[in-house]
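Text of the file work.cif, holding mmCIF, C-alpha atoms:
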data_data
loop_
_atom_site.label_atom_id
_atom_site.label_comp_id
_atom_site.auth_asym_id
_atom_site.auth_seq_id
_atom_site.Cartn_x
_atom_site.Cartn_y
_atom_site.Cartn_z
CA MET A 251 -164.67 -28.78 37.74
CA LYS A 252 -164.55 -28.23 33.99
CA ARG A 253 -164.84 -31.40 31.91
CA CYS A 254 -164.62 -32.48 28.29
CA ALA A 255 -167.65 -31.28 26.36
CA TRP A 256 -168.81 -34.86 25.61
CA VAL A 257 -169.56 -35.59 29.27
CA ASN A 258 -173.26 -35.57 30.14
CA PRO A 259 -173.34 -33.35 33.25
CA GLY A 260 -176.59 -34.99 34.37
CA ASN A 261 -175.17 -38.52 34.57
CA PRO A 262 -173.08 -39.18 37.70
CA VAL A 263 -171.84 -42.52 36.29
CA TYR A 264 -170.50 -40.75 33.21
CA ILE A 265 -168.94 -37.95 35.27
CA ARG A 266 -167.18 -40.42 37.55
CA TYR A 267 -165.94 -42.41 34.53
CA HIS A 268 -164.53 -39.24 32.92
CA ASP A 269 -162.94 -37.94 36.10
CA GLU A 270 -161.48 -41.19 37.44
CA GLU A 271 -160.96 -43.62 34.55
CA TRP A 272 -160.95 -42.17 31.05
CA GLY A 273 -157.42 -41.47 29.89
CA VAL A 274 -155.85 -42.88 33.05
CA PRO A 275 -153.12 -45.40 32.12
CA LEU A 276 -154.49 -48.86 32.83
CA HIS A 277 -152.10 -51.80 33.14
CA ASP A 278 -154.29 -54.42 34.83
CA ASP A 279 -155.23 -57.19 32.37
CA HIS A 280 -158.63 -57.74 34.00
CA GLY A 281 -159.53 -54.07 33.55
CA LEU A 282 -158.09 -54.04 30.03
CA TYR A 283 -160.20 -57.08 29.18
CA GLU A 284 -163.42 -55.64 30.61
CA LEU A 285 -163.05 -52.39 28.71
CA PHE A 286 -162.15 -54.22 25.49
CA ILE A 287 -165.32 -56.31 25.67
CA LEU A 288 -167.44 -53.27 26.51
CA GLU A 289 -165.94 -51.26 23.64
CA GLY A 290 -167.10 -53.98 21.25
CA PHE A 291 -170.65 -53.49 22.46
CA GLN A 292 -170.37 -49.75 21.83
CA ALA A 293 -170.24 -50.21 18.03
CA GLY A 294 -173.11 -48.15 16.62
CA LEU A 295 -174.14 -46.95 20.08
CA SER A 296 -172.97 -44.32 22.54
CA TRP A 297 -170.40 -45.06 25.23
CA GLU A 298 -172.84 -43.59 27.74
CA CYS A 299 -175.35 -46.32 26.84
CA VAL A 300 -172.75 -49.04 27.43
CA LEU A 301 -171.43 -47.41 30.59
CA ASN A 302 -174.94 -47.24 32.07
CA LYS A 303 -175.16 -51.03 31.62
CA ARG A 304 -171.68 -51.80 32.92
CA GLU A 305 -172.79 -53.34 36.22
CA ALA A 306 -175.31 -55.54 34.43
CA PHE A 307 -172.56 -56.62 32.03
CA ARG A 308 -170.32 -57.49 34.97
CA GLN A 309 -173.02 -59.73 36.41
CA ALA A 310 -173.98 -61.29 33.08
CA TYR A 311 -170.34 -61.94 32.14
CA ASP A 312 -169.29 -63.58 35.42
CA GLY A 313 -167.32 -60.53 36.56
CA PHE A 314 -165.44 -60.60 33.24
CA GLU A 315 -163.55 -63.71 34.26
CA ILE A 316 -161.88 -64.46 30.93
CA GLY A 317 -161.49 -68.19 31.60
CA LYS A 318 -165.24 -68.53 31.95
CA VAL A 319 -166.28 -66.16 29.16
CA MET A 320 -164.05 -67.68 26.48
CA ASN A 321 -165.68 -71.05 27.16
CA TYR A 322 -169.29 -69.88 26.98
CA GLY A 323 -171.49 -72.16 24.92
CA GLU A 324 -174.94 -71.91 23.36
CA GLU A 325 -176.73 -71.96 26.74
CA ASP A 326 -174.66 -68.98 27.87
CA ILE A 327 -175.33 -67.17 24.60
CA ALA A 328 -179.08 -67.74 25.06
CA ARG A 329 -178.81 -66.48 28.65
CA LEU A 330 -177.00 -63.33 27.54
CA LEU A 331 -179.46 -62.68 24.72
CA SER A 332 -182.35 -62.86 27.19
CA ASP A 333 -180.72 -60.50 29.72
CA ALA A 334 -182.54 -57.16 29.43
CA GLY A 335 -179.80 -55.45 31.46
CA ILE A 336 -177.20 -55.70 28.70
CA ILE A 337 -177.04 -55.00 24.98
CA ARG A 338 -178.61 -58.04 23.35
CA ASN A 339 -177.05 -58.10 19.94
CA GLU A 340 -176.24 -61.66 18.90
CA ARG A 341 -173.30 -60.72 16.69
CA LYS A 342 -171.74 -58.68 19.51
CA VAL A 343 -172.37 -61.40 22.10
CA ARG A 344 -170.78 -64.06 19.90
CA ALA A 345 -167.88 -61.72 19.09
CA SER A 346 -167.30 -61.04 22.78
CA ILE A 347 -166.82 -64.75 23.41
CA ALA A 348 -164.57 -65.30 20.38
CA ASN A 349 -162.59 -62.15 21.23
CA SER A 350 -162.07 -63.46 24.75
CA ALA A 351 -160.22 -66.48 23.36
CA VAL A 352 -158.06 -64.23 21.16
CA PHE A 353 -157.39 -61.88 24.11
CA TRP A 354 -156.30 -64.93 26.15
CA GLN A 355 -154.00 -66.09 23.31
CA ILE A 356 -152.41 -62.62 23.23
CA GLN A 357 -151.86 -62.83 26.99
CA LYS A 358 -150.08 -66.15 26.54
CA GLU A 359 -147.97 -64.90 23.63
CA PHE A 360 -146.86 -61.61 25.24
CA GLY A 361 -147.05 -62.52 28.93
CA SER A 362 -149.95 -60.09 29.36
CA PHE A 363 -152.34 -58.09 27.24
CA ASP A 364 -150.82 -55.04 28.92
CA ALA A 365 -147.41 -55.85 27.37
CA TYR A 366 -149.06 -56.27 23.98
CA ILE A 367 -151.19 -53.11 23.88
CA TRP A 368 -148.69 -50.76 25.56
CA GLY A 369 -145.90 -52.19 23.43
CA PHE A 370 -147.29 -50.27 20.48
CA THR A 371 -146.20 -47.00 22.18
CA GLU A 372 -143.26 -48.43 24.14
CA GLY A 373 -145.24 -47.84 27.33
CA ARG A 374 -145.79 -44.12 26.67
CA THR A 375 -149.06 -42.24 26.79
CA LEU A 376 -149.70 -40.11 23.73
CA VAL A 377 -151.55 -36.80 24.15
CA GLU A 378 -154.07 -35.52 21.63
CA ASP A 379 -157.38 -33.70 21.97
CA TYR A 380 -160.46 -35.92 21.61
CA ARG A 381 -161.81 -33.65 18.87
CA LEU A 382 -158.82 -34.30 16.60
CA ARG A 383 -160.06 -37.54 15.01
CA THR A 384 -161.77 -40.89 15.56
CA THR A 385 -159.00 -43.12 14.16
CA SER A 386 -155.24 -42.82 13.80
CA PRO A 387 -152.33 -44.66 12.22
CA LEU A 388 -151.82 -46.28 15.65
CA SER A 389 -155.41 -47.51 15.94
CA ASP A 390 -155.27 -48.65 12.30
CA ARG A 391 -152.16 -50.73 13.02
CA ILE A 392 -153.55 -52.29 16.20
CA SER A 393 -156.93 -52.96 14.60
CA LYS A 394 -155.32 -54.75 11.66
CA ASP A 395 -153.29 -56.90 14.02
CA LEU A 396 -156.30 -57.77 16.21
CA ILE A 397 -158.43 -58.64 13.17
CA ARG A 398 -155.58 -60.74 11.76
CA ARG A 399 -155.58 -62.64 15.06
CA GLY A 400 -159.33 -63.29 14.72
CA MET A 401 -160.99 -60.45 16.63
CA LYS A 402 -164.42 -59.12 15.61
CA PHE A 403 -165.77 -55.63 16.33
CA ALA A 404 -162.16 -54.46 16.52
CA GLY A 405 -162.15 -51.82 13.78
CA SER A 406 -159.95 -48.76 14.00
CA THR A 407 -162.67 -46.52 15.49
CA ILE A 408 -163.38 -49.00 18.30
CA VAL A 409 -159.66 -49.47 18.94
CA TYR A 410 -159.11 -45.71 18.98
CA SER A 411 -161.85 -45.29 21.58
CA TYR A 412 -160.33 -48.16 23.57
CA LEU A 413 -156.89 -46.52 23.51
CA GLN A 414 -158.46 -43.36 24.92
CA ALA A 415 -160.30 -45.33 27.61
CA ILE A 416 -157.16 -47.14 28.82
CA GLY A 417 -154.89 -44.11 28.74
CA VAL A 418 -152.65 -45.06 25.82
CA LEU A 419 -154.13 -41.84 24.46
CA ASN A 420 -154.77 -38.99 26.89
CA ALA A 421 -157.40 -37.14 24.88
CA HIS A 422 -158.86 -34.69 27.39
CA GLY A 423 -159.78 -31.44 25.65
CA ALA A 424 -158.25 -28.05 26.37
CA GLU A 425 -161.52 -27.04 28.08
CA CYS A 426 -161.11 -29.81 30.65
CA ASP A 427 -159.37 -29.58 34.01
CA CYS A 428 -157.96 -33.09 33.34
CA CYS A 429 -156.13 -31.88 30.21
CA GLY A 430 -152.42 -32.45 30.69
CA ARG A 431 -152.97 -33.83 34.19
CA LYS A 432 -150.52 -36.54 35.14
CA LYS A 433 -152.49 -39.63 36.08
#
Please render this file's structure as structure tokens.
Amino acid sequence: MKRCAWVNPGNPVYIRYHDEEWGVPLHDDHGLYELFILEGFQAGLSWECVLNKREAFRQAYDGFEIGKVMNYGEEDIARLLSDAGIIRNERKVRASIANSAVFWQIQKEFGSFDAYIWGFTEGRTLVEDYRLRTTSPLSDRISKDLIRRGMKFAGSTIVYSYLQAIGVLNAHGAECDCCGRKK
């Protein structure tokens, strides 16, 4: 199978992510939440680095149960910062907890985070090659709204990557067998 050029062919976790998840429309709030939190940890790092630690993040973050994470206190922060299996950046850890509360507020306001995020494209997937850019007017607009609501590590580049991950943007390259594939 031919894949996007960014995929590390020596990493089965990365290959599986590309082939089965990336660009596939995701409408499950739990999955949307997990990927949003993980994208925040990607800032300044590679997605491959974060993806390789995904299982450790799931354990450390109580299976990404939002009701627990948004209520983490100082003991939980200390526990996360001592967990060698995850990315131990205090600003990112604290942001992940604060962002969880904002994510939850969005769920309450819109009925689901799915309704909120997909509402920006009226439920449609947009198609553009991953090499085109790293931000867009869409990611700019969503980022501004998330930051206005109190999110951290929610800049346009992170949001753009998130939109690709959850399938709002199908960004498989022309070289990839997944390009144009209906998911």
Residues in the PyMOL selection byres ((chain A and resi 350-360) around 7), expressed as a PyMOL selection string: chain A and resi 316+319-320+346-349+361-363+365-366+399-401
From the set A:Arg266, A:Gly290, A:Ile416, A:Phe370, which residue has the shortest atom-to-atom contact distance to Arg344 in chain A, counting all atoms listed in the file?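 Of the candidates, the smallest distance to Arg344 in chain A is held by A:Gly290.
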Tell me, as a PyMOL selection string, which residues lie within 12 Å of Arg304 in chain A, counting only C-alpha atoms; anything in the same chain fewer than 4 positions away does not count. chain A and resi 263-264+267+284-285+287-289+291-292+297-300+308-311+313-314+335-337
Would you compute the distance between CA of Ser386 in chain A and CA of Gly281 in chain A? Give it in Å to one decimal. 23.1 Å
Quote the spacing between CA of Asn420 in chain A and CA of Leu376 in chain A in Å to one decimal place. 6.1 Å
Starting from the displayed file, determine the output of the PyMOL selection byres ((chain A and resi 411) around 12) and express the residue list as number ranges by chain. A: 272-273, 285-286, 288-290, 292-293, 296-297, 380-381, 383-386, 388-390, 393, 404-410, 412-421
Could you tell me how far CA of Glu340 in chain A lies from CA of Leu396 in chain A, in Å and to one decimal?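 If I compute the distance from CA of Glu340 in chain A to CA of Leu396 in chain A, I get 20.5 Å.
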Write out as a list in words each polymer residue whose atoms come within 7 Å of Ile327 in chain A, counting only C-alpha atoms; drop sequence neighbours fewer than 4 positions from it.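 Skipping anything fewer than 4 positions along the chain leaves Gly323, Leu331 and Val343 of chain A.
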When distances are computed from only C-alpha atoms, which of A:Leu295, A:Leu276, A:Ala255, A:Ala345 shows the smallest separation from Ala424 in chain A?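 Distance minimum relative to Ala424 in chain A lands on A:Ala255.
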Min atom-atom distance to Gly294 in chain A from the set A:Lys342, A:Val377, A:Cys429, A:Leu382, counting all atoms listed in the file, belongs to A:Lys342
